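First comes the structure, then the notes that go with it.
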Amino acid sequence: MIETVLTIIEPYLPIIKTVFAITCIGFGCSFALAIAAKFFEVKDDPRIGEVNELLPGANCGACGYAGCMDYAKAVVMDDAELNRCAPGGADLTATLAEYLGKTAEAAEKQVAIVLCMGTNDAAKCRFEYNGIADCRAAHLVGGGDKACTYGCLGYSSCATVCPTQAIEMVDGVAKVHPELCISCGKCVTACPRNLIKLVPEKNTVHILCSSNDKGPIVRKVCTKGCIGCTMCVKLTKEEESVFMDGFLAKIDYSKEVQNKVIVEKCPPKCIIDTTINN
Amino acid sequence: MSEEQLYSVSSSPHVHSGASIHGIMRDVVIAMVPTFIAAIIFFGLNALILTATCVISCVFFEYLSRRIMKRNNTINDLSAVITGVLLAFNLPPTFPIWMAVVGSFVAIVIAKQLFGGLGYNPFNPALAGRLFLFLSFAFAMSGDWTPWSYINTENIVATTSATPLGMLQESTGSIAFLSNNSNIMNMFLGKVNGCIGEVSALALILGGLYLLWRKVITWHIPVAYIGTVAVFATILYMIDPSTNASPLFHLFSGGLMLGAIFMATDMVTSPTDRSGMLVFGIGCGLLTMIIRKWGAYPEGVSFSIFIMNATTPLINRVCKPRVFGVKGKA
Amino acid sequence: MNILKAKFKIHGGVHPKYRKELARDEETKRLPLPDILRISTTQHLGAPSKPVVKKGDYVKKYQLLAEAAGFISAPVHSPASGTIKDIVTGTGASGAPVTEIILETNNTSDAELTGVYPTDEWQKLSPETILNRIREAGVVGAGGAGFPTYVKLSPPPDKKIETLIINGAECEPYLTADYRLMLEHPECLIAGIQIICKVLNVTEAYIAIEDNKPEAIELLSKYLEDKKIENIKVSTLPTYYPQGAEKQQIYSITGREVPSGGLPADVGVLVENTGTTVAIYNAVIKDLPFIERTTTVSGYGIETPSNVIAPIGTPYQELIDFCGGAKDDVKKIISGGPMMGFAQATAETTTTKTTSGLLLLTAKEISQFESSPCISCGRCIAACPMNLMPAELSQFCEAEDFESAAANRVMDCMECGCCAFSCPAHRPLVQHFRTAKAFLRAQPKK
Ligand code: SF4
Ligand code: SF4
Ligand code: SF4
């Protein structure tokens with residue numbers, strides 16, 4: 001009987017052997033994997049996943065962590081501050097605080113702003129740049145083609161890195177649309193000339209120049225540059241919301257500018273009030 | 001902006017060799033002229049019409065697709081012309097015109113522009129077009145060769161309408177006659193059946209020498225490719241000359257010369273470093289011979305180059321020159 | 001015979017149009033002292049020197065203007081007598097801001113040398129004294145980078161220098177300043193070499209010259225023969241760019257490969273530029289600080305191409321005027337050679353110790369950027385003397401994946417420009433690598 005069976009399956013033996021061997025290997029491997037999985041299992045706090053669900057998932061890095069998941073972990077495990085997520089804003093801070101049963105103060109909403117008004121017709125060029133359309137690269141070639149060595153180069157490196165397309169190039173100068181900005185700060189690091197700052201959203205008056213050159217030099221290269229006449233500082237003497245840093249007037253963003261006439265009075269008109277001109 | 005003339009400032013170097021894509025492509029077009037003339041001599045008006053159709057439709061599709069995709073116009077770089085000529089060279093003389101247009105469409109739009117245009121295409125567009133036609137219109141592609149047969153078939157009952165490689169594949173008896181001197185000579189000159197641009201080894205080699213002289217291609221890929229085929233064929237021939245054709249037969253038959261000189265050397269789809277080029281050439285040679293000897297098709301040039309195109313990124317990763325001042329592997 | 005052919009062939013390299021005939025046969029002329037000199041304190045690699053004079057000071061020729069600010073730095077001396085008008089921030093040849101000392105010259109010769117060194121007895125001086133003198137004279141590499149010579153001549157004690165190579169290749173197109181120097185002052189050059197040999201205690205020295213300068217080869221070898229100097233030999237190199245690159249030149253002559261990230265001293269070699277060697281000669285034998293140099297003014301955009309000796313701090317415009325002025329169709333002004341030099345926005349930039357050339361190029365001579373995607377032709381790889389893969393590297397840089405670029409050794413790129421020179425797609429390869437290197441250098445070390 002057995003012999004008959006054997007003779008029948010005889011020609012198929014190699015196939016049967018192979019199938020058997022492969023099945024065994026398969027079982028063996030899955031068993032090993034199962035054991036390994038048990039062995040190396042990490043007990044994750046289930047809250048991490050849930051906090052992650054609450055986060056906006058932009059993975060922008062504004063919080064200073066590698067991504068939303070990383071921040072969620074830090075919030076649950078390491079007691080990280082709850083207000084670090086810029087896109088989530090105050091609402092998220094409140095939600096997180098409620099979820100974790102903690103109290104937290106919402107961070108002030110900030111937006112990015114480009115401190116330069118040197119548009120194509122306001123600022124001169126020193127030479128004809130012939131190269132890669134990238135600000136970092138352009139900055140390294142002869143120091144950039146803008147005659148003003150502080151001004152926006154206009155090759156949109158900031159716009160390229162912005163995850164929300166909040167930056168638009170207008171007449172050769174980058175401009176942030178505050179309503180789109182999630183204050184991730186990527187553009188701030190991308191700009192080789194350090195023109196972009198994160199400022200509190202509530203401040204509406206800005207001095208859009210970064211040139212620390214003396215007045216006559218600024219005037220030679222740009223019609224919209226701060227000439228360091230200190231007019232604005234004098235006009236806001238009481239409130240002390242504007243101060244001089246070298247030859248450049250700057251807004252003290254911890255205060256709010258009350259005396260808005262400085263917008264009108266600034267000779268080169270490099271002060272703007274976003275509630276009016278925008 | 002001031003009106004005064006500004007100096008130009010850029011990163012170094014400030015001078016250039018003058019080489020341009022247009023210049024390279026122009027040289028390739030010039031190198032294809034002898035083959036084109038040979039095609040007209042052997043296949044007459046058909047060759048002319050077919051080539052013109054492919055070139056015109058390739059350039060047209062290139063223009064159109066760039067237009068539709070809102071990209072800059074690139075027909076001036078002449079790469080579409082080359083694709084057109086190469087595609088035509090890979091078609092049999094009796095090939096229907098409308099199919100040639102379809103082939104051009106596949107080559108330019110699908111194999112090239114959809115990938116982003118010149119420089120981004122993983123496969124040689126002409127080759128992709130040819131393979132598409134070959135697989136879809138197999139009958140038209142194998143063609144009715146009869147009117148152009150010069151091969152002396154002597155004592156064998158073989159389809160006279162076959163290409164030399166076709167005879168090799170179909171024959172059951174001895175094939176020694178294929179390698180006799182007069183047949184080899186005919187194959188060298190181009191007096192055989194085949195696609196319009198592949199028959200004349202002589203014309204192709206002339207073009208190849210021109211490309212080498214103009215430094216458009218380097219010797220690495222053609223030599224590695226043809227050399228591998230020669231070595232492989234010699235070994236087979238030494239083992240059994242009655243069932244294997246002579247090495248010379250293999251060198252001058254089918255699309256080997258066209259493939260090795262014009263198709264495999266396409267810059268975009270072949271490795272960039274010279275060591276990689278050698279690997280690429282050897283790979284093409286091996287695959288070609290394997291398909292010719294054991295494959296289902298008589299000819300393996302197109303398939304082998306196509307497959308090697310796919311491995312190019314891999315070869316590029318592995319075959320890197322040793323950086324100066326770095327010992328061993330980086 | 002004391003002429004040797006370089007034995008080893010490096011990978012890559014290119015053959016640009018040399019256009020040396022423009023200025024090759026022009027005898028070196030001296031520029032009349034300009035009224036205003038603007039002397040940069042960044043004349044060298046390393047920390048900018050620190051000014052020791054202030055606005056309104058009267059300085060004499062050879063007087064110290066700025067002292068070395070650190071180990072890798074060099075002092076700067078006044079090239080003329082006059083009054084310091086101001087110290088301002090200007091733009092250097094590379095476009096980076098530099099501190100400039102503005103000197104109004106008065107063309108009197110109340111100059112004073114230190115007089116410490118008897119001019120004909122340098123053989124009696126100890127290596128330390130000579131080295132000190134070289135440092136105090138502010139001698140830096142005149143070839144381009146401007147590495148302080150004093151530092152270069154003090155290799156770490158565990159690295160013994162066996163071979164000295166004097167780089168007279170001058171592989172950059174247009175430039176002929178070193179060539180003229182070799183022809184006109186072989187005695188200074190040879191004496192300079194002997195001084196270096198003494199400092200380093202080396203016995204074997206080669207003067208490396210490309211074989212497109214047969215006159216220089218012949219003249220120097222004859223000079224050496226006449227003077228019966230046996231430890232110095234002329235080594236001829238096949239002409240191609242970048243034969244003057246340090247690592248490549250060492251390989252050509254000795255067959256030794258300087259390790260990646262290493263120094264020539266690692267393989268027992270030291271390379272010194274011709275101009276630097278003459279500056280060493282001036283410093284040690286004539287007691288002169290490094291205050292002037294020969295600059296080639298050339299290109300199809302200048303009326304009379306010339307080789308000019310000009311004090312450091314000379315505005316380019318003065319040189320241009322001296323050479324008959326610029327033609328109308330000048331499109332680019334370059335400080336240095338066309339392969340590695342810096343394009344200038346204005347002719348207001350001033351010369352430094354490293355200004356080997358001032359080129360006024362017309363639109364016909366230069367390449368304009370109009371890049372298209374890489375067609376993987378491999379020409380850049382074939383051209384790269386460092387055996388890099390520029391095509392692949394530039395793609396990493398374009399994607400801002402600087403990490404991968406670093407892993408593929410972008411830092412080994414010497415920015416020689418061979419790749420971009422050969423690229424038919426006109427890709428801005430070197431600019432990509434510059435950007436990547438700047439980014440990577442700014443990154444904190446891991
Ligand atoms: S504008 Fe700047 S800060 Fe705002 S979202 Fe864009 S990159 Fe981030
Ligand atoms: S610039 Fe750099 S990558 Fe290009 S050839 Fe020179 S060393 Fe190689
Ligand atoms: S030379 Fe230019 S086109 Fe050719 S491989 Fe290099 S980068 Fe690409």
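Residue numbers start at 1 in each chain; chains themselves are named A, B, ... in the order of the structure tokens; ligands are numbered from 1 in the order shown.
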Chain A residues within 12 Å of chain B, counting only C-alpha atoms: which ones, as a short mmCIF file (atom, residue, chain, number, x, y, z; two decimals) with C-alpha atoms, in the first residue's frame?
data_model
loop_
_atom_site.label_atom_id
_atom_site.label_comp_id
_atom_site.auth_asym_id
_atom_site.auth_seq_id
_atom_site.Cartn_x
_atom_site.Cartn_y
_atom_site.Cartn_z
CA GLY A 118 14.13 97.55 -1.23
CA THR A 119 11.94 96.70 -4.19
CA ASN A 120 13.28 96.72 -7.71
CA ASP A 121 12.57 100.40 -8.20
CA ALA A 122 13.63 101.53 -4.75
CA ALA A 123 16.97 99.76 -4.43
CA LYS A 124 19.84 99.81 -6.87
CA CYS A 125 21.84 96.86 -8.10
CA ARG A 126 25.62 96.82 -8.05
CA PHE A 127 26.08 94.34 -10.83
CA GLU A 128 24.38 91.89 -13.10
CA TYR A 129 24.18 88.63 -11.18
CA ASN A 130 24.61 85.58 -13.32
CA GLY A 131 24.05 82.41 -11.39
CA ILE A 132 21.80 80.16 -9.35
CA ALA A 133 18.50 81.74 -8.36
CA ALA A 137 24.19 81.08 -3.41
CA ALA A 138 23.76 84.64 -4.63
CA HIS A 139 24.93 86.06 -1.32
CA LEU A 140 28.23 84.24 -1.72
CA VAL A 141 28.94 85.68 -5.15
CA GLY A 142 30.43 89.10 -4.77
CA GLY A 143 28.28 89.62 -1.69
CA GLY A 144 24.97 89.72 -3.55
CA ASP A 145 23.87 92.00 -6.35
CA LYS A 146 21.79 94.46 -4.32
CA ALA A 147 23.79 97.63 -3.86
CA LYS A 220 22.85 106.30 -2.38
CA VAL A 221 21.64 102.73 -2.72
CA CYS A 222 17.96 102.75 -1.75
CA THR A 223 15.18 105.30 -1.62
#
List as a PDB file with N, CA and C atoms, in the first residue's frame the protein and nucleic acid residues near segment 205-219 of chain A, meaning an atom at most 7 Å away when only C-alpha atoms are counted, but skip any in the same chain fewer than 4 places from it.
ATOM      1  N   LEU A 115      12.121  92.460   6.970  1.00  0.00           N
ATOM      2  CA  LEU A 115      12.455  93.843   7.277  1.00  0.00           C
ATOM      3  C   LEU A 115      13.238  94.491   6.134  1.00  0.00           C
ATOM      4  N   CYS A 116      12.584  94.655   5.017  1.00  0.00           N
ATOM      5  CA  CYS A 116      13.234  95.327   3.891  1.00  0.00           C
ATOM      6  C   CYS A 116      12.160  95.813   2.938  1.00  0.00           C
ATOM      7  N   MET A 117      12.361  97.007   2.398  1.00  0.00           N
ATOM      8  CA  MET A 117      11.425  97.541   1.411  1.00  0.00           C
ATOM      9  C   MET A 117      12.132  97.808   0.096  1.00  0.00           C
ATOM     10  N   TYR A 150      22.549  94.936   2.977  1.00  0.00           N
ATOM     11  CA  TYR A 150      21.666  94.363   3.983  1.00  0.00           C
ATOM     12  C   TYR A 150      20.361  93.854   3.370  1.00  0.00           C
ATOM     13  N   GLY A 151      20.026  94.354   2.192  1.00  0.00           N
ATOM     14  CA  GLY A 151      18.671  94.201   1.677  1.00  0.00           C
ATOM     15  C   GLY A 151      18.323  92.837   1.123  1.00  0.00           C
ATOM     16  N   LEU A 195      17.049  88.871   7.410  1.00  0.00           N
ATOM     17  CA  LEU A 195      16.083  89.963   7.299  1.00  0.00           C
ATOM     18  C   LEU A 195      14.745  89.626   7.925  1.00  0.00           C
ATOM     19  N   THR A 223      16.006 104.149  -1.971  1.00  0.00           N
ATOM     20  CA  THR A 223      15.179 105.303  -1.618  1.00  0.00           C
ATOM     21  C   THR A 223      14.293 105.009  -0.415  1.00  0.00           C
ATOM     22  N   GLY A 225      15.344 103.244   2.398  1.00  0.00           N
ATOM     23  CA  GLY A 225      16.106 102.770   3.535  1.00  0.00           C
ATOM     24  C   GLY A 225      16.121 103.734   4.716  1.00  0.00           C
ATOM     25  N   CYS A 226      16.251 103.199   5.914  1.00  0.00           N
ATOM     26  CA  CYS A 226      16.352 104.019   7.122  1.00  0.00           C
ATOM     27  C   CYS A 226      17.642 104.810   7.092  1.00  0.00           C
ATOM     28  N   ILE A 227      17.523 106.133   7.198  1.00  0.00           N
ATOM     29  CA  ILE A 227      18.714 106.975   7.105  1.00  0.00           C
ATOM     30  C   ILE A 227      19.235 107.346   8.487  1.00  0.00           C
ATOM     31  N   GLY A 228      18.639 106.794   9.504  1.00  0.00           N
ATOM     32  CA  GLY A 228      19.115 107.025  10.862  1.00  0.00           C
ATOM     33  C   GLY A 228      18.925 108.450  11.335  1.00  0.00           C
ATOM     34  N   GLY A 246      22.734 101.484  16.462  1.00  0.00           N
ATOM     35  CA  GLY A 246      23.688 101.995  15.481  1.00  0.00           C
ATOM     36  C   GLY A 246      23.007 103.055  14.632  1.00  0.00           C
ATOM     37  N   PHE A 247      23.019 102.881  13.338  1.00  0.00           N
ATOM     38  CA  PHE A 247      22.403 103.867  12.463  1.00  0.00           C
ATOM     39  C   PHE A 247      21.019 103.426  11.998  1.00  0.00           C
ATOM     40  N   LEU A 248      20.461 102.487  12.725  1.00  0.00           N
ATOM     41  CA  LEU A 248      19.180 101.931  12.302  1.00  0.00           C
ATOM     42  C   LEU A 248      18.166 102.039  13.432  1.00  0.00           C
ATOM     43  N   LYS A 250      14.879 100.803  15.353  1.00  0.00           N
ATOM     44  CA  LYS A 250      14.201  99.514  15.484  1.00  0.00           C
ATOM     45  C   LYS A 250      13.015  99.650  16.426  1.00  0.00           C
ATOM     46  N   ILE A 251      12.018  98.819  16.176  1.00  0.00           N
ATOM     47  CA  ILE A 251      10.848  98.795  17.053  1.00  0.00           C
ATOM     48  C   ILE A 251      11.159  97.889  18.251  1.00  0.00           C
ATOM     49  N   VAL A 257       3.552 100.538  19.532  1.00  0.00           N
ATOM     50  CA  VAL A 257       3.719 101.942  19.156  1.00  0.00           C
ATOM     51  C   VAL A 257       2.374 102.651  19.249  1.00  0.00           C
ATOM     52  N   CYS A 270       9.956 104.395   5.550  1.00  0.00           N
ATOM     53  CA  CYS A 270      10.216 102.969   5.704  1.00  0.00           C
ATOM     54  C   CYS A 270       9.490 102.408   6.922  1.00  0.00           C
ATOM     55  N   ILE A 271       8.601 103.223   7.532  1.00  0.00           N
ATOM     56  CA  ILE A 271       7.797 102.704   8.632  1.00  0.00           C
ATOM     57  C   ILE A 271       6.386 102.456   8.111  1.00  0.00           C
ATOM     58  N   ILE A 272       5.861 101.297   8.435  1.00  0.00           N
ATOM     59  CA  ILE A 272       4.507 101.018   7.963  1.00  0.00           C
ATOM     60  C   ILE A 272       3.614 100.604   9.125  1.00  0.00           C
ATOM     61  N   ASP A 273       2.337 100.797   8.918  1.00  0.00           N
ATOM     62  CA  ASP A 273       1.353 100.317   9.881  1.00  0.00           C
ATOM     63  C   ASP A 273       0.465  99.345   9.125  1.00  0.00           C
ATOM     64  N   THR A 274       0.506  98.086   9.505  1.00  0.00           N
ATOM     65  CA  THR A 274      -0.179  97.075   8.701  1.00  0.00           C
ATOM     66  C   THR A 274      -1.693  97.238   8.722  1.00  0.00           C
TER      67      THR A 274
END
Query raised in the report: Mind listing the residues within 9 Å of ligand 1, only C-alpha atoms and all ligand atoms counted, as a ChimeraX atom specification?
Result: /A:60,62,87,110-114,158-167,175-178,180-190,196-198
Filtering to N, CA and C atoms, could you give me those residues as a compact mmCIF listing (two decimals), in the first residue's frame?
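So result-v8.txt came out as:
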# COMPACT_ATOMS: atom_id res chain seq x y z
N CYS A 60 6.29 71.06 11.23
CA CYS A 60 7.06 72.20 10.76
C CYS A 60 8.32 72.42 11.57
N ALA A 62 8.56 74.07 14.39
CA ALA A 62 8.56 75.33 15.14
C ALA A 62 8.75 75.10 16.63
N PRO A 87 1.74 76.60 15.04
CA PRO A 87 0.52 76.50 14.22
C PRO A 87 -0.74 76.28 15.06
N GLN A 110 2.84 84.72 16.96
CA GLN A 110 3.84 85.51 16.26
C GLN A 110 3.71 85.29 14.77
N VAL A 111 4.15 86.27 13.99
CA VAL A 111 4.20 86.10 12.55
C VAL A 111 5.56 86.58 12.06
N ALA A 112 5.94 86.06 10.91
CA ALA A 112 7.21 86.46 10.32
C ALA A 112 7.03 87.75 9.56
N ILE A 113 8.07 88.57 9.54
CA ILE A 113 8.03 89.79 8.73
C ILE A 113 9.40 90.02 8.11
N VAL A 114 9.39 90.47 6.88
CA VAL A 114 10.65 90.72 6.17
C VAL A 114 11.00 92.19 6.33
N CYS A 158 13.45 82.03 1.02
CA CYS A 158 12.51 81.92 2.13
C CYS A 158 11.18 81.35 1.63
N ALA A 159 10.76 81.83 0.46
CA ALA A 159 9.49 81.36 -0.07
C ALA A 159 9.55 79.87 -0.36
N THR A 160 10.73 79.40 -0.76
CA THR A 160 10.87 77.98 -1.08
C THR A 160 10.74 77.11 0.17
N VAL A 161 11.28 77.58 1.30
CA VAL A 161 11.22 76.73 2.49
C VAL A 161 9.90 76.83 3.24
N CYS A 162 9.13 77.87 2.97
CA CYS A 162 7.91 78.08 3.75
C CYS A 162 6.92 76.94 3.50
N PRO A 163 6.52 76.24 4.56
CA PRO A 163 5.62 75.10 4.35
C PRO A 163 4.20 75.51 3.97
N THR A 164 3.84 76.76 4.19
CA THR A 164 2.46 77.14 3.90
C THR A 164 2.35 78.13 2.75
N GLN A 165 3.42 78.30 2.01
CA GLN A 165 3.44 79.26 0.90
C GLN A 165 2.99 80.65 1.35
N ALA A 166 3.41 81.02 2.54
CA ALA A 166 2.97 82.31 3.07
C ALA A 166 3.78 83.45 2.50
N ILE A 167 4.88 83.15 1.84
CA ILE A 167 5.76 84.22 1.35
C ILE A 167 5.61 84.39 -0.15
N LYS A 175 7.60 89.04 0.81
CA LYS A 175 6.56 89.62 1.65
C LYS A 175 5.79 88.46 2.28
N VAL A 176 5.61 88.55 3.61
CA VAL A 176 4.92 87.47 4.31
C VAL A 176 3.43 87.82 4.39
N HIS A 177 2.58 86.86 4.09
CA HIS A 177 1.15 87.04 4.31
C HIS A 177 0.85 86.52 5.71
N PRO A 178 0.63 87.44 6.65
CA PRO A 178 0.55 87.02 8.06
C PRO A 178 -0.55 86.00 8.32
N LEU A 180 -1.37 83.53 6.63
CA LEU A 180 -0.97 82.17 6.28
C LEU A 180 0.19 81.66 7.14
N CYS A 181 0.90 82.59 7.75
CA CYS A 181 2.13 82.23 8.46
C CYS A 181 1.80 81.42 9.73
N ILE A 182 2.50 80.31 9.91
CA ILE A 182 2.29 79.52 11.12
C ILE A 182 3.46 79.69 12.08
N SER A 183 4.26 80.69 11.82
CA SER A 183 5.43 81.06 12.63
C SER A 183 6.34 79.88 12.95
N CYS A 184 6.68 79.13 11.92
CA CYS A 184 7.57 77.99 12.14
C CYS A 184 9.02 78.43 12.19
N GLY A 185 9.30 79.59 11.63
CA GLY A 185 10.66 80.10 11.71
C GLY A 185 11.61 79.55 10.67
N LYS A 186 11.10 78.79 9.73
CA LYS A 186 11.99 78.23 8.71
C LYS A 186 12.61 79.32 7.85
N CYS A 187 11.80 80.32 7.51
CA CYS A 187 12.30 81.38 6.65
C CYS A 187 13.38 82.18 7.36
N VAL A 188 13.24 82.29 8.69
CA VAL A 188 14.21 83.08 9.45
C VAL A 188 15.61 82.51 9.26
N THR A 189 15.72 81.18 9.30
CA THR A 189 17.05 80.59 9.14
C THR A 189 17.47 80.53 7.68
N ALA A 190 16.48 80.52 6.78
CA ALA A 190 16.85 80.38 5.36
C ALA A 190 17.47 81.66 4.81
N ILE A 196 14.53 88.33 8.19
CA ILE A 196 13.19 87.94 8.62
C ILE A 196 13.18 87.74 10.13
N LYS A 197 12.20 88.34 10.76
CA LYS A 197 12.07 88.22 12.20
C LYS A 197 10.67 87.71 12.53
N LEU A 198 10.58 86.98 13.64
CA LEU A 198 9.25 86.61 14.13
C LEU A 198 8.84 87.66 15.14
Report task. May I ask you to write as a PyMOL selection string all residues lying at most 6 Å from ligand 2, with only C-alpha atoms and all ligand atoms counted? Result -> chain C and resi 383-386+388+390+413-419+430
Per residue of chain C within 9 Å of ligand 3, which atom pair is closest and at what distance in Å (one decimal), using only C-alpha atoms and all ligand atoms, listed by chain and increasing number, as a tab-separated table?
residue	atom	partner	partner_atom_place_in_ligand_line	distance
C:Ser372	CA	ligand 3	3 (S)	8.2
C:Pro373	CA	ligand 3	3 (S)	7.0
C:Cys374	CA	ligand 3	8 (Fe)	3.7
C:Ile375	CA	ligand 3	3 (S)	4.3
C:Ser376	CA	ligand 3	5 (S)	3.6
C:Cys377	CA	ligand 3	4 (Fe)	3.9
C:Gly378	CA	ligand 3	5 (S)	3.9
C:Arg379	CA	ligand 3	1 (S)	4.4
C:Cys380	CA	ligand 3	1 (S)	4.0
C:Ile381	CA	ligand 3	6 (Fe)	6.4
C:Ala382	CA	ligand 3	1 (S)	8.6
C:Ala383	CA	ligand 3	1 (S)	8.6
C:Met389	CA	ligand 3	6 (Fe)	7.8
C:Pro390	CA	ligand 3	6 (Fe)	6.0
C:Ala391	CA	ligand 3	7 (S)	3.9
C:Glu392	CA	ligand 3	7 (S)	7.5
C:Leu393	CA	ligand 3	7 (S)	8.9
C:Ser394	CA	ligand 3	7 (S)	7.2
C:Gln395	CA	ligand 3	7 (S)	8.5
C:Cys419	CA	ligand 3	1 (S)	6.3
C:Ala420	CA	ligand 3	1 (S)	6.9
C:Phe421	CA	ligand 3	1 (S)	8.4
C:Ser422	CA	ligand 3	1 (S)	5.8
C:Cys423	CA	ligand 3	1 (S)	3.5
C:Pro424	CA	ligand 3	3 (S)	5.6
C:Ala425	CA	ligand 3	3 (S)	4.8
C:His426	CA	ligand 3	2 (Fe)	6.4
C:Arg427	CA	ligand 3	2 (Fe)	5.7
C:Pro428	CA	ligand 3	7 (S)	8.5
C:Leu429	CA	ligand 3	7 (S)	6.9
Requested in this report: Pick out each residue of segment 16-254 of chain A that DSSP on the backbone tags as helix (DSSP H, G or I); I need them as JSON, numbers by chain.
Outcome: {"A": [16, 17, 18, 19, 20, 21, 22, 23, 24, 25, 26, 27, 28, 29, 30, 31, 32, 33, 34, 35, 36, 37, 38, 39, 40, 46, 47, 48, 49, 50, 51, 52, 53, 54, 68, 69, 70, 71, 72, 73, 74, 75, 76, 77, 89, 90, 91, 92, 93, 94, 95, 96, 97, 98, 99, 100, 135, 136, 137, 138, 139, 140, 157, 158, 159, 160, 161, 186, 187, 188, 189, 190, 215, 216, 217, 218, 219, 220, 221, 231, 232, 233, 234, 235]}
Report task. Using only C-alpha atoms, find which residues of chain B lie within 10 Å of chain C and jot them down as a VMD selection string. Result -> chain B and resid 5 to 24 116 to 121 215 to 218 265 to 274 277 316 to 317 320 to 327 330
Query raised in the report: Can you tell me how far atom CA of Lys286 of chain C sits from atom CA of Pro186 of chain C, in Å to one decimal?
Result: 15.6 Å
**Report entry** Length of the atom CA of Leu91 of chain B to atom CA of Glu62 of chain B vector [Å]
**Finding:**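 About the pair atom CA of Leu91 of chain B and atom CA of Glu62 of chain B: they are 20.3 Å apart.
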Query - Neighbour list for segment 262-264 of chain B as JSON, numbers by chain, cut-off 8 Å, only C-alpha atoms, skip fewer than 5 positions in-chain - result: {"B": [86, 124, 127, 208, 221, 222, 257, 269, 270, 281, 305]}
Query raised in the report: What's the 6 Å shell around segment 27-37 of chain C, counting only C-alpha atoms, without same-chain residues fewer than 5 positions away, as a PyMOL selection string?
Result: chain C and resi 102-105+307-310+313-314
Query - Using only C-alpha atoms: which of B:Cys195, B:Val33, B:Ala138, B:Ile110 has the shortest distance to Asn90 of chain B - result: B:Cys195
Query raised in the report: C:Asp211, C:Glu398, C:Glu403, C:Glu187: which is nearest chain A, counting only C-alpha atoms?
Result: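 Looking at the shortest contact to chain A, the residue is C:Glu398.
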Query raised in the report: Suppose you want the space between atom CA of Cys148 of chain A and atom CA of Gly56 of chain C; what is it in Å?
Result: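 So the answer is 28.8 Å.
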Contacts of Ala177 of chain C within 12 Å, only C-alpha atoms, excl. fewer than 6 positions in-chain, as a tab-separated table (two decimals) with C-alpha atoms, in the first residue's frame:
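Saved to out25.tsv:
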chain	number	residue	atom	x	y	z
C	20	LYS	CA	48.89	84.20	-22.42
C	22	LEU	CA	48.38	88.99	-24.58
C	23	ALA	CA	50.79	89.91	-21.81
C	24	ARG	CA	53.51	87.30	-22.04
C	25	ASP	CA	56.09	89.46	-23.75
C	26	GLU	CA	55.34	92.64	-21.88
C	27	GLU	CA	58.20	93.65	-19.68
C	28	THR	CA	57.14	94.32	-16.11
C	29	LYS	CA	56.48	98.00	-15.51
C	142	ALA	CA	51.04	85.08	-3.40
C	143	GLY	CA	49.33	82.48	-5.54
C	168	GLY	CA	55.90	78.26	-11.48
C	169	ALA	CA	53.19	76.46	-13.40
C	170	GLU	CA	50.89	79.47	-13.57
C	171	CYS	CA	48.21	77.30	-15.10
C	183	LEU	CA	62.47	85.60	-16.71
C	184	GLU	CA	63.40	88.93	-15.21
C	185	HIS	CA	64.64	87.98	-11.76
C	273	ASN	CA	54.60	79.98	-5.17
C	274	THR	CA	57.11	81.87	-7.33
C	275	GLY	CA	55.90	85.25	-6.20
C	293	ARG	CA	53.57	92.62	-6.18
C	294	THR	CA	53.46	91.96	-9.89
C	295	THR	CA	49.96	91.76	-11.29
C	296	THR	CA	49.03	90.81	-14.83
C	297	VAL	CA	46.52	93.22	-16.31
C	298	SER	CA	45.06	91.46	-19.31
C	305	PRO	CA	47.81	94.20	-21.56
C	306	SER	CA	50.78	94.47	-19.20
C	307	ASN	CA	52.54	93.10	-16.18
C	308	VAL	CA	52.61	95.78	-13.54
C	309	ILE	CA	54.29	96.11	-10.17
C	310	ALA	CA	51.81	97.89	-7.97
C	336	GLY	CA	42.76	86.63	-10.27
C	337	GLY	CA	42.50	84.13	-13.09
C	354	THR	CA	47.25	87.80	-3.56
C	355	THR	CA	46.12	89.73	-6.64
C	356	SER	CA	47.87	87.77	-9.35
C	357	GLY	CA	45.81	89.18	-12.15
C	358	LEU	CA	43.27	91.77	-13.09
**Report entry** For chain C, the nearest of the candidates A:Met244, A:Asp134, A:Phe20, A:Thr204, counting only C-alpha atoms
**Finding:**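 The closest residue to chain C is A:Asp134.
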Query raised in the report: Where in segment 54-84 of chain C does DSSP assign strand (DSSP E), given as JSON, numbers by chain?
Result: {"C": [58, 59, 64, 65, 66, 67, 76, 77, 82, 83, 84]}
